[in-house]
>>> print(open('run.tsv').read())   # TSV, C-alpha atoms
chain	number	residue	atom	x	y	z
A	1	GLN	CA	12.38	11.06	24.52
A	2	VAL	CA	12.90	9.35	27.83
A	3	GLN	CA	9.96	8.92	30.21
A	4	LEU	CA	10.57	8.88	33.95
A	5	VAL	CA	8.75	7.38	36.94
A	6	GLU	CA	9.91	8.06	40.50
A	7	SER	CA	9.28	5.83	43.51
A	8	GLY	CA	10.50	5.34	47.07
A	9	GLY	CA	9.11	8.42	48.74
A	10	GLY	CA	7.31	8.31	52.05
A	11	LEU	CA	7.17	9.49	55.64
A	12	VAL	CA	10.30	9.15	57.76
A	13	GLN	CA	11.50	10.52	61.07
A	14	ALA	CA	14.36	12.98	61.23
A	15	GLY	CA	17.67	11.16	61.09
A	16	GLY	CA	16.23	8.36	58.99
A	17	SER	CA	16.96	7.28	55.44
A	18	LEU	CA	15.12	6.77	52.18
A	19	ARG	CA	16.20	5.66	48.74
A	20	LEU	CA	14.43	7.13	45.75
A	21	SER	CA	14.42	5.39	42.40
A	22	CYS	CA	13.70	6.79	38.97
A	23	ALA	CA	12.94	4.26	36.26
A	24	ALA	CA	13.40	5.46	32.71
A	25	SER	CA	12.00	4.19	29.45
A	26	GLY	CA	13.29	5.16	26.05
A	27	ARG	CA	16.50	4.76	24.16
A	28	THR	CA	18.35	7.82	25.39
A	29	PHE	CA	18.72	7.08	29.12
A	30	SER	CA	22.28	5.76	29.01
A	31	SER	CA	23.43	8.86	27.14
A	32	SER	CA	21.53	11.34	29.31
A	33	GLY	CA	22.67	13.38	32.25
A	34	MET	CA	20.27	12.89	35.15
A	35	GLY	CA	19.22	15.08	38.02
A	36	TRP	CA	17.10	15.19	41.14
A	37	PHE	CA	15.23	18.32	42.13
A	38	ARG	CA	12.81	19.00	44.96
A	39	GLN	CA	10.01	21.41	45.65
A	40	ALA	CA	9.01	22.30	49.17
A	41	PRO	CA	5.48	23.56	49.88
A	42	GLY	CA	5.11	27.13	48.69
A	43	LYS	CA	8.61	27.26	47.24
A	44	GLU	CA	10.25	26.95	43.86
A	45	ARG	CA	11.72	23.70	42.61
A	46	ARG	CA	15.41	23.50	43.49
A	47	PHE	CA	18.39	21.44	42.48
A	48	VAL	CA	19.43	18.51	44.70
A	49	ALA	CA	21.90	16.30	42.81
A	50	THR	CA	23.07	15.44	39.31
A	51	ILE	CA	25.08	12.72	37.59
A	52	ASN	CA	26.52	12.54	34.09
A	53	TRP	CA	25.88	9.73	31.63
A	54	ASN	CA	28.51	7.29	32.96
A	55	GLY	CA	28.44	8.23	36.62
A	56	GLY	CA	31.86	9.85	36.48
A	57	SER	CA	30.68	13.34	37.46
A	58	LEU	CA	28.49	14.01	40.47
A	59	TYR	CA	27.37	17.33	41.95
A	60	TYR	CA	25.23	18.15	44.96
A	61	ALA	CA	23.47	21.11	46.46
A	62	GLY	CA	25.33	22.35	49.50
A	63	SER	CA	22.40	21.55	51.75
A	64	VAL	CA	22.59	17.81	50.97
A	65	GLN	CA	26.34	17.36	50.44
A	66	GLY	CA	27.59	14.50	52.59
A	67	ARG	CA	24.09	13.18	53.32
A	68	PHE	CA	22.70	12.30	49.88
A	69	ALA	CA	24.24	10.15	47.15
A	70	ILE	CA	23.16	9.96	43.53
A	71	SER	CA	23.96	6.90	41.43
A	72	ARG	CA	22.79	5.22	38.27
A	73	ASP	CA	22.57	1.77	36.71
A	74	ASN	CA	22.43	2.09	32.95
A	75	ALA	CA	21.75	-1.63	32.56
A	76	LYS	CA	18.53	-1.14	34.55
A	77	ASN	CA	17.70	2.30	33.15
A	78	THR	CA	17.46	3.60	36.69
A	79	VAL	CA	18.88	6.46	38.70
A	80	TYR	CA	18.86	6.50	42.49
A	81	LEU	CA	19.02	9.03	45.28
A	82	GLN	CA	20.13	7.65	48.63
A	83	MET	CA	19.11	10.06	51.36
A	84	ASN	CA	20.59	9.70	54.83
A	85	SER	CA	20.39	11.79	58.00
A	86	LEU	CA	17.17	13.31	56.76
A	87	LYS	CA	15.99	16.61	58.18
A	88	PRO	CA	12.53	18.20	58.25
A	89	GLU	CA	13.77	20.77	55.73
A	90	ASP	CA	14.30	17.94	53.24
A	91	THR	CA	10.52	17.60	52.99
A	92	GLY	CA	9.08	18.13	49.54
A	93	VAL	CA	8.20	16.57	46.23
A	94	TYR	CA	11.26	15.04	44.60
A	95	TYR	CA	11.51	15.05	40.82
A	96	CYS	CA	13.77	13.09	38.56
A	97	ALA	CA	14.88	14.74	35.32
A	98	ALA	CA	16.78	13.76	32.19
A	99	ASN	CA	19.03	15.92	30.03
A	100	SER	CA	19.38	14.32	26.61
A	101	ARG	CA	20.63	17.43	24.80
A	102	SER	CA	24.05	18.13	26.33
A	103	SER	CA	26.09	15.01	25.55
A	104	GLY	CA	25.11	13.39	28.82
A	105	SER	CA	26.53	16.11	31.03
A	106	ALA	CA	25.57	16.64	34.63
A	107	SER	CA	23.80	19.94	35.30
A	108	SER	CA	22.32	21.79	38.24
A	109	ARG	CA	20.17	23.98	35.98
A	110	GLY	CA	16.57	22.96	35.60
A	111	HIS	CA	16.23	24.43	32.13
A	112	ASP	CA	18.87	22.01	30.83
A	113	TYR	CA	16.47	19.11	31.37
A	114	ASP	CA	13.97	18.06	28.73
A	115	ALA	CA	12.12	15.28	30.55
A	116	TRP	CA	10.65	15.20	34.05
A	117	GLY	CA	8.93	12.61	36.20
A	118	GLN	CA	5.70	13.18	38.07
A	119	GLY	CA	7.42	13.44	41.44
A	120	THR	CA	7.37	11.48	44.70
A	121	GLN	CA	6.55	12.95	48.10
A	122	VAL	CA	9.12	12.85	50.88
A	123	THR	CA	8.02	13.96	54.33
A	124	VAL	CA	10.46	14.15	57.22
A	125	SER	CA	8.92	14.53	60.67
A	126	SER	CA	10.75	16.13	63.57
>>> encode(input="run.tsv", output="structure tokens")
Amino acid sequence: QVQLVESGGGLVQAGGSLRLSCAASGRTFSSSGMGWFRQAPGKERRFVATINWNGGSLYYAGSVQGRFAISRDNAKNTVYLQMNSLKPEDTGVYYCAANSRSSGSASSRGHDYDAWGQGTQVTVSS
């Protein structure tokens, strides 16, 4: 099973940018669909972006479409989330997740993922 470690979170002003990284260990990364989810204080964890095993399929939540970009480098076992034009409502803990059970497909459904990172905090100030 793949193990995931997120990094790159922090405090940024509204309108700024951050790039999150998720480093994976294990033999299944390159065949896994990957996703980013976030959890705001007092709210449920919600889908942000997903990418299939070869980067050919990408999907985004409507609230981040056009501002965020997910990508992956299978040679480095890493998936990224580039976040631009950040808003205070983007604040939350961001989680990376791996789906090794669905032939590497992208998915917006949390229950499709069988491995999760510990999360990285993103705080956007107004």
>>> atom_distance(input="run.tsv", atom1="CA of Asp73 in chain A", atom2="CA of Gly15 in chain A")
26.6 Å
>>> closest_residue(input="run.tsv", among="A:Ala75, A:Met83, A:Val48, A:Val93", to="Ser30 in chain A", atoms="all atoms listed in the file")
A:Ala75
>>> axis_aligned_box(input="run.tsv", around="range 49-68 of chain A", padding_each_side="4 Å", output="lines of an AutoDock Vina configuration file")
center_x = 26.9
center_y = 14.8
center_z = 42.5
size_x = 18.0
size_y = 23.1
size_z = 29.7
>>> atom_distance(input="run.tsv", atom1="CA of Gly56 in chain A", atom2="CA of Met34 in chain A")
12.1 Å
>>> residues_around(input="run.tsv", residues="Gly26 in chain A", least_positions_apart="3", cutoff="9 Å", atoms="only C-alpha atoms", output="PDB file with C-alpha atoms, in the frame of the given file")
ATOM      1  CA  GLN A   1      12.380  11.060  24.520  1.00  0.00           C
ATOM      2  CA  VAL A   2      12.900   9.350  27.830  1.00  0.00           C
ATOM      3  CA  GLN A   3       9.960   8.920  30.210  1.00  0.00           C
ATOM      4  CA  PHE A  29      18.720   7.080  29.120  1.00  0.00           C
ATOM      5  CA  ASN A  77      17.700   2.300  33.150  1.00  0.00           C
TER       6      ASN A  77
END
>>> residues_around(input="run.tsv", residues="Glu6 in chain A", least_positions_apart="3", cutoff="10 Å", atoms="all atoms listed in the file", output="list in words")
Gly9, Leu20, Ser21, Cys22, Ala23, Ala24, Thr78, Val79, Tyr80, Tyr94, Tyr95, Cys96, Ala97, Trp116, Gly117, Gln118, Gly119, Thr120 and Gln121 of chain A
>>> residues_around(input="run.tsv", residues="range 98-100 of chain A", least_positions_apart="2", cutoff="7 Å", atoms="only C-alpha atoms", output="PyMOL selection string")
chain A and resi 28+31-35+102-104+112-116
>>> write_last_selection(input="run.tsv", atoms="C-alpha atoms", output="mmCIF file, in the frame of the given file")
data_model
loop_
_atom_site.group_PDB
_atom_site.id
_atom_site.type_symbol
_atom_site.label_atom_id
_atom_site.label_comp_id
_atom_site.auth_asym_id
_atom_site.auth_seq_id
_atom_site.Cartn_x
_atom_site.Cartn_y
_atom_site.Cartn_z
ATOM 1 C CA THR A 28 18.350 7.820 25.390
ATOM 2 C CA SER A 31 23.430 8.860 27.140
ATOM 3 C CA SER A 32 21.530 11.340 29.310
ATOM 4 C CA GLY A 33 22.670 13.380 32.250
ATOM 5 C CA MET A 34 20.270 12.890 35.150
ATOM 6 C CA GLY A 35 19.220 15.080 38.020
ATOM 7 C CA SER A 102 24.050 18.130 26.330
ATOM 8 C CA SER A 103 26.090 15.010 25.550
ATOM 9 C CA GLY A 104 25.110 13.390 28.820
ATOM 10 C CA ASP A 112 18.870 22.010 30.830
ATOM 11 C CA TYR A 113 16.470 19.110 31.370
ATOM 12 C CA ASP A 114 13.970 18.060 28.730
ATOM 13 C CA ALA A 115 12.120 15.280 30.550
ATOM 14 C CA TRP A 116 10.650 15.200 34.050
#
>>> build_atoms(input="run.tsv", residues="range 7-39 of chain A", atoms="N, CA and C atoms", output="PDB file, in the frame of the given file")
ATOM      1  N   SER A   7       9.881   6.621  42.433  1.00  0.00           N
ATOM      2  CA  SER A   7       9.280   5.830  43.510  1.00  0.00           C
ATOM      3  C   SER A   7      10.197   5.883  44.717  1.00  0.00           C
ATOM      4  N   GLY A   8       9.675   5.433  45.867  1.00  0.00           N
ATOM      5  CA  GLY A   8      10.500   5.340  47.070  1.00  0.00           C
ATOM      6  C   GLY A   8      10.260   6.423  48.093  1.00  0.00           C
ATOM      7  N   GLY A   9       9.410   7.384  47.767  1.00  0.00           N
ATOM      8  CA  GLY A   9       9.110   8.420  48.740  1.00  0.00           C
ATOM      9  C   GLY A   9       8.277   7.882  49.898  1.00  0.00           C
ATOM     10  N   GLY A  10       8.110   8.717  50.916  1.00  0.00           N
ATOM     11  CA  GLY A  10       7.310   8.310  52.050  1.00  0.00           C
ATOM     12  C   GLY A  10       7.529   9.214  53.246  1.00  0.00           C
ATOM     13  N   LEU A  11       7.053   8.750  54.383  1.00  0.00           N
ATOM     14  CA  LEU A  11       7.170   9.490  55.640  1.00  0.00           C
ATOM     15  C   LEU A  11       8.270   8.844  56.477  1.00  0.00           C
ATOM     16  N   VAL A  12       9.188   9.656  56.969  1.00  0.00           N
ATOM     17  CA  VAL A  12      10.300   9.150  57.760  1.00  0.00           C
ATOM     18  C   VAL A  12      10.604  10.144  58.870  1.00  0.00           C
ATOM     19  N   GLN A  13      11.114   9.641  59.975  1.00  0.00           N
ATOM     20  CA  GLN A  13      11.500  10.520  61.070  1.00  0.00           C
ATOM     21  C   GLN A  13      12.854  11.164  60.779  1.00  0.00           C
ATOM     22  N   ALA A  14      13.073  12.308  61.368  1.00  0.00           N
ATOM     23  CA  ALA A  14      14.360  12.980  61.230  1.00  0.00           C
ATOM     24  C   ALA A  14      15.485  12.043  61.652  1.00  0.00           C
ATOM     25  N   GLY A  15      16.555  12.055  60.857  1.00  0.00           N
ATOM     26  CA  GLY A  15      17.670  11.160  61.090  1.00  0.00           C
ATOM     27  C   GLY A  15      17.580   9.860  60.318  1.00  0.00           C
ATOM     28  N   GLY A  16      16.428   9.597  59.739  1.00  0.00           N
ATOM     29  CA  GLY A  16      16.230   8.360  58.990  1.00  0.00           C
ATOM     30  C   GLY A  16      16.738   8.457  57.566  1.00  0.00           C
ATOM     31  N   SER A  17      16.465   7.384  56.810  1.00  0.00           N
ATOM     32  CA  SER A  17      16.960   7.280  55.440  1.00  0.00           C
ATOM     33  C   SER A  17      15.845   6.836  54.500  1.00  0.00           C
ATOM     34  N   LEU A  18      15.980   7.230  53.265  1.00  0.00           N
ATOM     35  CA  LEU A  18      15.120   6.770  52.180  1.00  0.00           C
ATOM     36  C   LEU A  18      15.978   6.637  50.928  1.00  0.00           C
ATOM     37  N   ARG A  19      15.557   5.730  50.042  1.00  0.00           N
ATOM     38  CA  ARG A  19      16.200   5.660  48.740  1.00  0.00           C
ATOM     39  C   ARG A  19      15.137   5.841  47.664  1.00  0.00           C
ATOM     40  N   LEU A  20      15.327   6.872  46.874  1.00  0.00           N
ATOM     41  CA  LEU A  20      14.430   7.130  45.750  1.00  0.00           C
ATOM     42  C   LEU A  20      14.982   6.448  44.505  1.00  0.00           C
ATOM     43  N   SER A  21      14.064   5.974  43.689  1.00  0.00           N
ATOM     44  CA  SER A  21      14.420   5.390  42.400  1.00  0.00           C
ATOM     45  C   SER A  21      13.695   6.135  41.296  1.00  0.00           C
ATOM     46  N   CYS A  22      14.314   6.180  40.154  1.00  0.00           N
ATOM     47  CA  CYS A  22      13.700   6.790  38.970  1.00  0.00           C
ATOM     48  C   CYS A  22      13.929   5.832  37.806  1.00  0.00           C
ATOM     49  N   ALA A  23      12.862   5.202  37.372  1.00  0.00           N
ATOM     50  CA  ALA A  23      12.940   4.260  36.260  1.00  0.00           C
ATOM     51  C   ALA A  23      12.660   4.992  34.960  1.00  0.00           C
ATOM     52  N   ALA A  24      13.514   4.765  33.989  1.00  0.00           N
ATOM     53  CA  ALA A  24      13.400   5.460  32.710  1.00  0.00           C
ATOM     54  C   ALA A  24      13.062   4.486  31.591  1.00  0.00           C
ATOM     55  N   SER A  25      12.261   4.950  30.682  1.00  0.00           N
ATOM     56  CA  SER A  25      12.000   4.190  29.450  1.00  0.00           C
ATOM     57  C   SER A  25      12.423   5.047  28.283  1.00  0.00           C
ATOM     58  N   GLY A  26      12.810   4.402  27.201  1.00  0.00           N
ATOM     59  CA  GLY A  26      13.290   5.160  26.050  1.00  0.00           C
ATOM     60  C   GLY A  26      14.753   4.835  25.792  1.00  0.00           C
ATOM     61  N   ARG A  27      15.180   5.168  24.587  1.00  0.00           N
ATOM     62  CA  ARG A  27      16.500   4.760  24.160  1.00  0.00           C
ATOM     63  C   ARG A  27      17.624   5.686  24.563  1.00  0.00           C
ATOM     64  N   THR A  28      17.303   6.827  25.149  1.00  0.00           N
ATOM     65  CA  THR A  28      18.350   7.820  25.390  1.00  0.00           C
ATOM     66  C   THR A  28      18.845   7.855  26.827  1.00  0.00           C
ATOM     67  N   PHE A  29      18.341   6.981  27.710  1.00  0.00           N
ATOM     68  CA  PHE A  29      18.720   7.080  29.120  1.00  0.00           C
ATOM     69  C   PHE A  29      20.221   6.991  29.306  1.00  0.00           C
ATOM     70  N   SER A  30      20.862   5.997  28.722  1.00  0.00           N
ATOM     71  CA  SER A  30      22.280   5.760  29.010  1.00  0.00           C
ATOM     72  C   SER A  30      23.174   6.878  28.493  1.00  0.00           C
ATOM     73  N   SER A  31      22.651   7.739  27.645  1.00  0.00           N
ATOM     74  CA  SER A  31      23.430   8.860  27.140  1.00  0.00           C
ATOM     75  C   SER A  31      22.976  10.195  27.726  1.00  0.00           C
ATOM     76  N   SER A  32      22.104  10.131  28.720  1.00  0.00           N
ATOM     77  CA  SER A  32      21.530  11.340  29.310  1.00  0.00           C
ATOM     78  C   SER A  32      22.147  11.663  30.662  1.00  0.00           C
ATOM     79  N   GLY A  33      22.389  12.941  30.896  1.00  0.00           N
ATOM     80  CA  GLY A  33      22.670  13.380  32.250  1.00  0.00           C
ATOM     81  C   GLY A  33      21.371  13.340  33.039  1.00  0.00           C
ATOM     82  N   MET A  34      21.461  13.026  34.319  1.00  0.00           N
ATOM     83  CA  MET A  34      20.270  12.890  35.150  1.00  0.00           C
ATOM     84  C   MET A  34      20.374  13.791  36.366  1.00  0.00           C
ATOM     85  N   GLY A  35      19.217  14.223  36.851  1.00  0.00           N
ATOM     86  CA  GLY A  35      19.220  15.080  38.020  1.00  0.00           C
ATOM     87  C   GLY A  35      18.037  14.809  38.923  1.00  0.00           C
ATOM     88  N   TRP A  36      18.192  15.194  40.171  1.00  0.00           N
ATOM     89  CA  TRP A  36      17.100  15.190  41.140  1.00  0.00           C
ATOM     90  C   TRP A  36      16.887  16.628  41.602  1.00  0.00           C
ATOM     91  N   PHE A  37      15.636  17.009  41.649  1.00  0.00           N
ATOM     92  CA  PHE A  37      15.230  18.320  42.130  1.00  0.00           C
ATOM     93  C   PHE A  37      14.137  18.115  43.168  1.00  0.00           C
ATOM     94  N   ARG A  38      13.902  19.108  43.986  1.00  0.00           N
ATOM     95  CA  ARG A  38      12.810  19.000  44.960  1.00  0.00           C
ATOM     96  C   ARG A  38      12.097  20.333  45.075  1.00  0.00           C
ATOM     97  N   GLN A  39      10.834  20.217  45.463  1.00  0.00           N
ATOM     98  CA  GLN A  39      10.010  21.410  45.650  1.00  0.00           C
ATOM     99  C   GLN A  39       9.302  21.318  46.985  1.00  0.00           C
TER     100      GLN A  39
END
